[in-house]
Amino acid sequence: MTSRIADFTPWQGAMPPRAHLQTDAPQTSLNGDWAFRLVGSLDEVPKGFGTAGFDASEFDTLAVPSCWQMVDPAGDAPYGRPAYTNVNYPIPTYGAGGDPVVPDENPVGLYQRTFTVGWDRDQARTVLRFEGVDSAFVVWLNGHELGFSKGSRLTTEFDVTDHLVDGENVLAVQVQQWSDATFLEDQDMWWLSGIFRPVTLLARPQFGIDDVFVHADYDHHTGAGVLRVEVTRAGEPVLATVSIPELALHEVAANVEHHLGQVQPWTAETPHLYEAVVATETEQVRVRVGFRTVRIEGDRILVNGRQITLRGVNRHEWHPVRGRSLDDETMLRDVLLMKQHNVNAVRTSHYPPDARFLDLCDEYGLWVMLEADHETHGFQAEGWVANPPADHRFLDALMNRVQRSVERDKNHASIISWSLGNEAGFGENHRRMAAWTKQRDPGRFLHYEGDYDVEVSDVWSQMYTSIPELDAIGAKRDLPEGSKLGARPQSENELAKPHLLCEYGHAMGNGPGELRDYSDLFDAHSKLHGGFIWEWIDHGVQATSHPSARRSATEDAGVHHLYGGDFGEELHDGNFIIDGLVFPDRTPSPGLVEFATVIAPIRIVVGEEITLTSVLSFADDSAYTYAWSVSDEGQPLASGDLDVPTIDAGHSVTVSLPEEICGLPAAAGERWLTVTARLASDTAWAKAGHEVASGQGLLSSGEQRIVTGDAIGVVSEPDGWTVGPARFDGQGRLVRLGGIDLDGVEFDLFRAWIDNERMGGGQVIKRAGEQIGLHRLHSKVLSVEEAEGTLVVTTRTAAAASSRDYVARFEWRAVGESLVLDLTAEPHGPWGEQMLPRLGLTMSVPTGLDQLTWFGRGPGESYVDTQESQKIGRWSAHVSELQTPYVAPQGNGHRSEVRWAQVFGEGESGDGVVGEAGFRVTVLGDAEPISVSLAPWSQHAIREARHTPDLVADQVNWLTLDARVAPAGSGACGPLPQQKYRVTAQPVAMRLAFTPLG
C-alpha cells in the first residue's frame with residue numbers, strides 16, 4: 001500500500017459506481033464490533049495482516065461505523081485525538097511539479113471481522129459495500145486482496161464472489177489516515193479517520209438489476225409527466241418492467257418513455273413521491289419517483305416552471321460523540337428541525353452525505369445541492385501553486401469523485417443541482433468534471449463557486465457578499481466600491497446567469513445578523529435566488545471534564561463542548577468550527593430562531609390593515625390557520641381567529657383589523673396586535689398548532705411613562721446623601737435602593753466580544769477596540785454637587801494611555817417612591833469611526849435578585865440586526881435562562897427595545913431584610929427603549945473564558961442598561977456590519993426611573 005497511497009490512483013479492484021437501490025435481494029449488515037488495532041505507521045503494521053490465518057485475537061474492539069479518534073477524545077484517547085483546521089493542511093504540501101508528500105507518521109487502523117453468507121452462493125454473486133472510509137483503505141477477504149479505494153465520503157463496492165468460502169469468512173481492512181486523497185479533502189472540519197459509515201454484504205441475483213436511473217419530467221403547462229426508467233446490468237440495458245400502481249402503470253417496459261396524464265409534481269413544498277417497482281425475473285427494486293423539471297431560463301432557476309428561492313443551510317455531518325458517524329435518528333432530527341424552522345434547501349457541504357439523509361430530503365421536502373467530495377483550500381495560501389484541479393495527474397481522481405457522487409444519488413428528486421466541490425481554485429480538471437456531469441445528467445443545474453468567470457457553472461455563485469454588492473448584482477448595476485471583485489461593470493456571463501449565495505450569514509457564535517436585509521434583496525430582485533447559511537451545526541466535541549483557571553482539574557464541569565486547539569494540535573483554527581445554527585446537541589440557537597422568522601413562508605405586516613404575503617413558489621396557504629391577539633403593556637386583552645382568503649403561492653391578500661378591536665376599552669399603555677400563522681393539522685414534520693410565521697403592529701402608543709408623586713429633596717449626610725429611596729456614598733455612588741445594597745452605577749462601553757468581532761475579518765473590531773483599551777476602562781468621579789433638589793455626579797470613563805473618554809453627567813432626583821436618573825454622556829478625543837460594543841450603564845445587584853421581567857422584545861436575546869424573531873411583549877426569566885450557552889463564551893443575553901424591566905427575587909438587603917425584593921427600571925417620557933441584560937458573571941469574565949465551565953458565578957449579578965448595543969453581524973467570515981447598525985462614539989441620553997418593589 002505504501003506506493004499506492006500517493007500515486008494519484010483513486011481506486012483499484014472496485015466495481016463501477018451505481019445507485020443505492022432498495023432491493024428484495026438479501027443483504028447482511030457488517031456493522032458492529034470489529035477487532036481493531038491502531039499503529040503509528042505503515043512500517044508498524046503486523047507482518048501477515050490481511051493474509052489467511054492472521055490472528056487478531058489480541059486486538060482491541062471497535063464499533064463500525066465509527067471514527068477512531070472519537071473514542072474518549074477528551075480523556076485517555078487510546079486512538080489519538082481529533083484535529084481541526086479550516087484551510088491549512090495538517091500535513092506538508094508540495095510545490096509546482098512536486099509529488100504529494102505523505103508523512104511517515106501516518107497512523108494505520110487495522111480492522112478484522114468474520115461473517116457467514118446467508119444466501120445460496122450458486123444463485124447470486126456477492127458484493128461488499130463500504131459507504132465511507134477515511135482516507136484510503138485496502139481490503140482482503142480470506143487472504144485475497146480485493147483492492148483499495150480513496151474518496152472518504154463515497155461508496156466503494158467490491159465483487160467478492162470468487163473469494164468466499166463456506167462457513168466463516170475473514171474480512172480485513174487496512175485504513176491509512178493520510179494519502180494523496182487528503183489533498184482533495186480539506187473541507188473545514190475535524191480530521192477524523194476510520195470506517196465511519198455502514199458496511200454491507202449484498203446478494204446480486206443472476207439476471208438481476210445493477211443500476212437504475214429514473215428520469216421523471218413534469219410539464220407544468222399540462223400537468224403531464226414523462227417517465228423513463230433506465231435499467232442496466234454491467235452497463236447495458238436489460239429487459240425489465242416498471243410498475244407504479246398509483247398511476248395505473250403495471251409492468252410496463254423499462255428503458256422507454258412513458259407519457260402519462262396528470263401527475264402530482266414533486267417540490268420541496270409539496271413532496272409527492274410515487275412508489276415504483278422495477279423488476280426482472282429475479283429481482284425487484286423499489287424506487288420513489290418524484291416528477292419535476294429543473295430548468296434555467298435566462299437568469300432564473302425554474303422548477304416546474306416557477307422560480308425558486310433557496311432559503312437554505314450548509315450541512316456538514318456531525319455528532320458531538322460519534323463524530324461523522326450518524327444514525328437514522330440524528331439525520332431525521334436534522335430534517336425535522338429544518339422543516340420546523342422553515343428551511344427549504346440544503347447544500348451538502350462539502351461532500352455527499354450519508355445516503356439515508358437524501359431519502360429523508362425526498363420524503364419531507366428539501367431542495368438539495370449535492371456537492372462532490374472535493375476541496376483543496378490549503379493550496380490557496382501559496383497562490384494555488386500545484387493545485388490538484390489544475391494538475392492532470394489528479395484528473396482520474398477528480399473524475400472518479402464526481403462520477404461516484406452522481407451515480408450514487410441520481411435518483412433523488414430532492415437533488416436539483418450537482419456541485420463540483422468547494423474552494424478548490426479552478427483548473428482544467430474542473431472543465432472535464434463539468435462536461436461529464438452535464439452529459440450524464442442534463443436535468444440538474446451545475447454549480448461551482450470557484451468558477452469566478454462563470455465559465456462552466458450554470459449559476460453565478462458567491463460567498464459572503466455584502467448587502468451593497470448584492471443589491472448591485474440583483475439590479476444588474478456596476479459593482480460598487482468595496483466589492484470583493486472590485487468596482488467594475490458586471491461581465492457578460494455574470495449578467496446572463498442566475499445568482500445565488502452558496503454561503504452567507506456566517507453563524508458563528510452570537511449571530512448571524514442582517515438576515516432580513518439579505519432576504520429583502522432576494523425578494524426584490526428576480527436574478528437573486530437566495531442561498532445557504534454557513535452552517536447548520538456547531539462541530540463541538542462533547543466532554544464532561546475540563547480544567548480551567550476557575551475550576552479544579554477534578555471538578556465535574558458538566559457537559560460542554562471542545563473545539564480546535566483543545567486536543568494539543570500543533571496547527572489548528574480554534575473555535576472557527578463552532579459556527580452553526582444549532583448547538584452540538586442540536587438545540588436551536590437564537591440564530592436559527594431568527595432565520596426561521598426571516599424566511600417564514602407567510603410575511604405578515606400589521607398596520608391599519610393586515611397584509612399577508614406568501615413567499616412560497618408552489619403551495620397555497622391552505623395548510624395554515626391564522627389567529628390574532630391584542631395585549632396592553634404585554635398583558636393579554638383579547639384574541640380570536642382571523643379569517644383570511646386563500647393566498648396562492650407568491651401572492652398577497654389584505655384583510656381588515658378584527659372587528660373586536662373596536663370594542664376594546666381604551667388602551668392602558670402600549671397596545672399591540674399580533675397575528676400568527678400556524679399549522680392547521682398535523683404534518684410529517686410538526687404537530688398542528690406549530691407556528692410558522694407571525695407579525696406585530698402597534699395599535700396605540702398610550703401615554704408617555706412618567707413617575708408621579710412629590711419631589712423630594714436631597715438630604716446631605718456626613719458620609720453621603722439620601723435621595724428619596726436611595727442612598728449615595730461620599731463619592732456619589734449609588735449604594736442602596738430601598739432595602740437593597742448596590743455597588744454603584746457606572747457609564748460603560750464594554751461588552752464581551754462576540755465571534756463576529758474577534759474572528760476573521762471582524763477581528764478588526766476587537767483589535768482596534770482593545771488597542772484603545774475598551775476592555776480596561778475605569779471611571780473616575782470628577783464632581784458631586786447638589787442643585788435644586790438634584791444630586792449631580794459627573795464621571796469620566798477612560799483607559800490608561802488613551803485620551804479618549806466619555807464624560808457622563810448623572811442627575812439623580814427623587815419623585816414619589818422613585819429615583820429618577822437623567823443621564824447625558826459626551827465623547828471626547830479621537831474616537832473616529834471606531835465600532836463600540838455598547839453605550840450604557842453597568843451595575844451589580846445581590847445574587848438574590850435573580851429574576852427579570854420586562855416589557856420589550858423577547859423571550860430570547862436580540863440585537864439591532866437580529867430582532868425579527870423576538871416579539872414585543874411581557875416576558876419573565878430566571879438569570880440562568882437569560883444566558884445563551886455559546887460553546888465559546890462571548891457577549892450574549894441582551895433583551896432589546898425594553899420599555900421597563902423588573903429585577904427581583906428572594907433578595908437579602910444589607911439590613912437583613914429577607915423576602916420579595918427588587919426594583920423596577922422604567923424608560924421615561926419620549927426616551928428611546930433600552931437593552932437590558934442580567935448575568936451571574938461580568939463581561940470581563942466572559943471575555944476571559946474559553947469554554948462554558950470557565951464561567952463561574954460571581955458573588956453578585958450584573959445588570960446592564962444600554963442606550964445602544966452593537967449588532968451581531970457576521971464578520972467572522974463575512975462583511976462588517978452595515979453603517980446603519982454600528983455603534984460609534986456619539987452623545988448619549990437616557991431617562992430612567994428606579995422604583996423599589998414592595
# chains A, B, ... in the order shown; residues from 1 in each chain; ligands from 1
call {"tool": "select_by_dssp", "arguments": {"residues": "segment 281-470 of chain A", "states": "strand (DSSP E)", "output": "ChimeraX atom specification"}}
result
/A:284-289,294-297,300-303,306-307,310-314,345-347,367-371,415-419,445-447,460-463
call {"tool": "residues_around", "arguments": {"residues": "segment 605-617 of chain A", "least_positions_apart": "3", "cutoff": "10 Å", "atoms": "only C-alpha atoms", "output": "ChimeraX atom specification"}}
result
/A:267-269,302-309,523,599-602,620-621,644,647-658,672-675,677,694-699
call {"tool": "residues_around", "arguments": {"residues": "Ser779 of chain A", "least_positions_apart": "4", "cutoff": "9 Å", "atoms": "only C-alpha atoms", "output": "list in words"}}
result
Glu746, Phe747, Asp748, Thr795, Arg796, Thr797, Ala798 and Ala799 of chain A
call {"tool": "closest_residue", "arguments": {"among": "A:Gln851, A:Thr93, A:Gln635, A:Asn169", "to": "Ala386 of chain A", "atoms": "only C-alpha atoms"}}
result
A:Thr93
call {"tool": "residues_around", "arguments": {"residues": "Val887 of chain A", "least_positions_apart": "6", "cutoff": "10 Å", "atoms": "only C-alpha atoms", "output": "count of residues only"}}
result
18
call {"tool": "residues_around", "arguments": {"residues": "Trp11 of chain A", "least_positions_apart": "3", "cutoff": "10 Å", "atoms": "only C-alpha atoms", "output": "list of chain:residue names"}}
result
A:Arg4, A:Phe8, A:Ala14, A:Met15, A:Ala136, A:Phe137, A:Val138, A:Gly147, A:Phe148, A:Ser149, A:Lys150, A:Gly151, A:Thr156, A:Asp396, A:Ala397, A:Asn400
call {"tool": "residues_around", "arguments": {"residues": "Pro265 of chain A", "least_positions_apart": "6", "cutoff": "7 Å", "atoms": "only C-alpha atoms", "output": "VMD selection string"}}
result
chain A and resid 218 272 290 to 292
call {"tool": "atom_distance", "arguments": {"atom1": "atom CA of Gly194 of chain A", "atom2": "atom CA of Arg81 of chain A"}}
result
12.7 Å
call {"tool": "residues_around", "arguments": {"residues": "Glu691 of chain A", "least_positions_apart": "6", "cutoff": "7 Å", "atoms": "only C-alpha atoms", "output": "VMD selection string"}}
result
chain A and resid 676 to 679
call {"tool": "closest_residue", "arguments": {"among": "A:Ala711, A:Ile872, A:Met433, A:Ala800", "to": "Glu670 of chain A", "atoms": "only C-alpha atoms"}}
result
A:Ile872
call {"tool": "closest_residue", "arguments": {"among": "A:Ala74, A:Ala25, A:Val199, A:Leu398", "to": "Gln123 of chain A", "atoms": "only C-alpha atoms"}}
result
A:Ala25
call {"tool": "closest_atom_pairs", "arguments": {"of": "segment 846-888 of chain A", "to": "segment 959-983 of chain A", "cutoff": "9 Å", "atoms": "only C-alpha atoms", "output": "tab-separated table"}}
result
residue	atom	partner	partner_atom	distance
A:Ser862	CA	A:Ala968	CA	8.8
A:Tyr863	CA	A:Pro967	CA	5.7
A:Val864	CA	A:Pro967	CA	5.5
A:Asp865	CA	A:Pro967	CA	5.6
A:Thr866	CA	A:Ala968	CA	7.2
call {"tool": "atom_distance", "arguments": {"atom1": "atom CA of Thr51 of chain A", "atom2": "atom CA of Ser3 of chain A"}}
result
19.2 Å
call {"tool": "atom_distance", "arguments": {"atom1": "atom CA of Leu239 of chain A", "atom2": "atom CA of Leu21 of chain A"}}
result
17.5 Å
call {"tool": "select_by_dssp", "arguments": {"residues": "segment 300-395 of chain A", "states": "helix (DSSP H, G or I)", "output": "ChimeraX atom specification"}}
result
/A:328-340,355-364,377-382,388-390,392-395
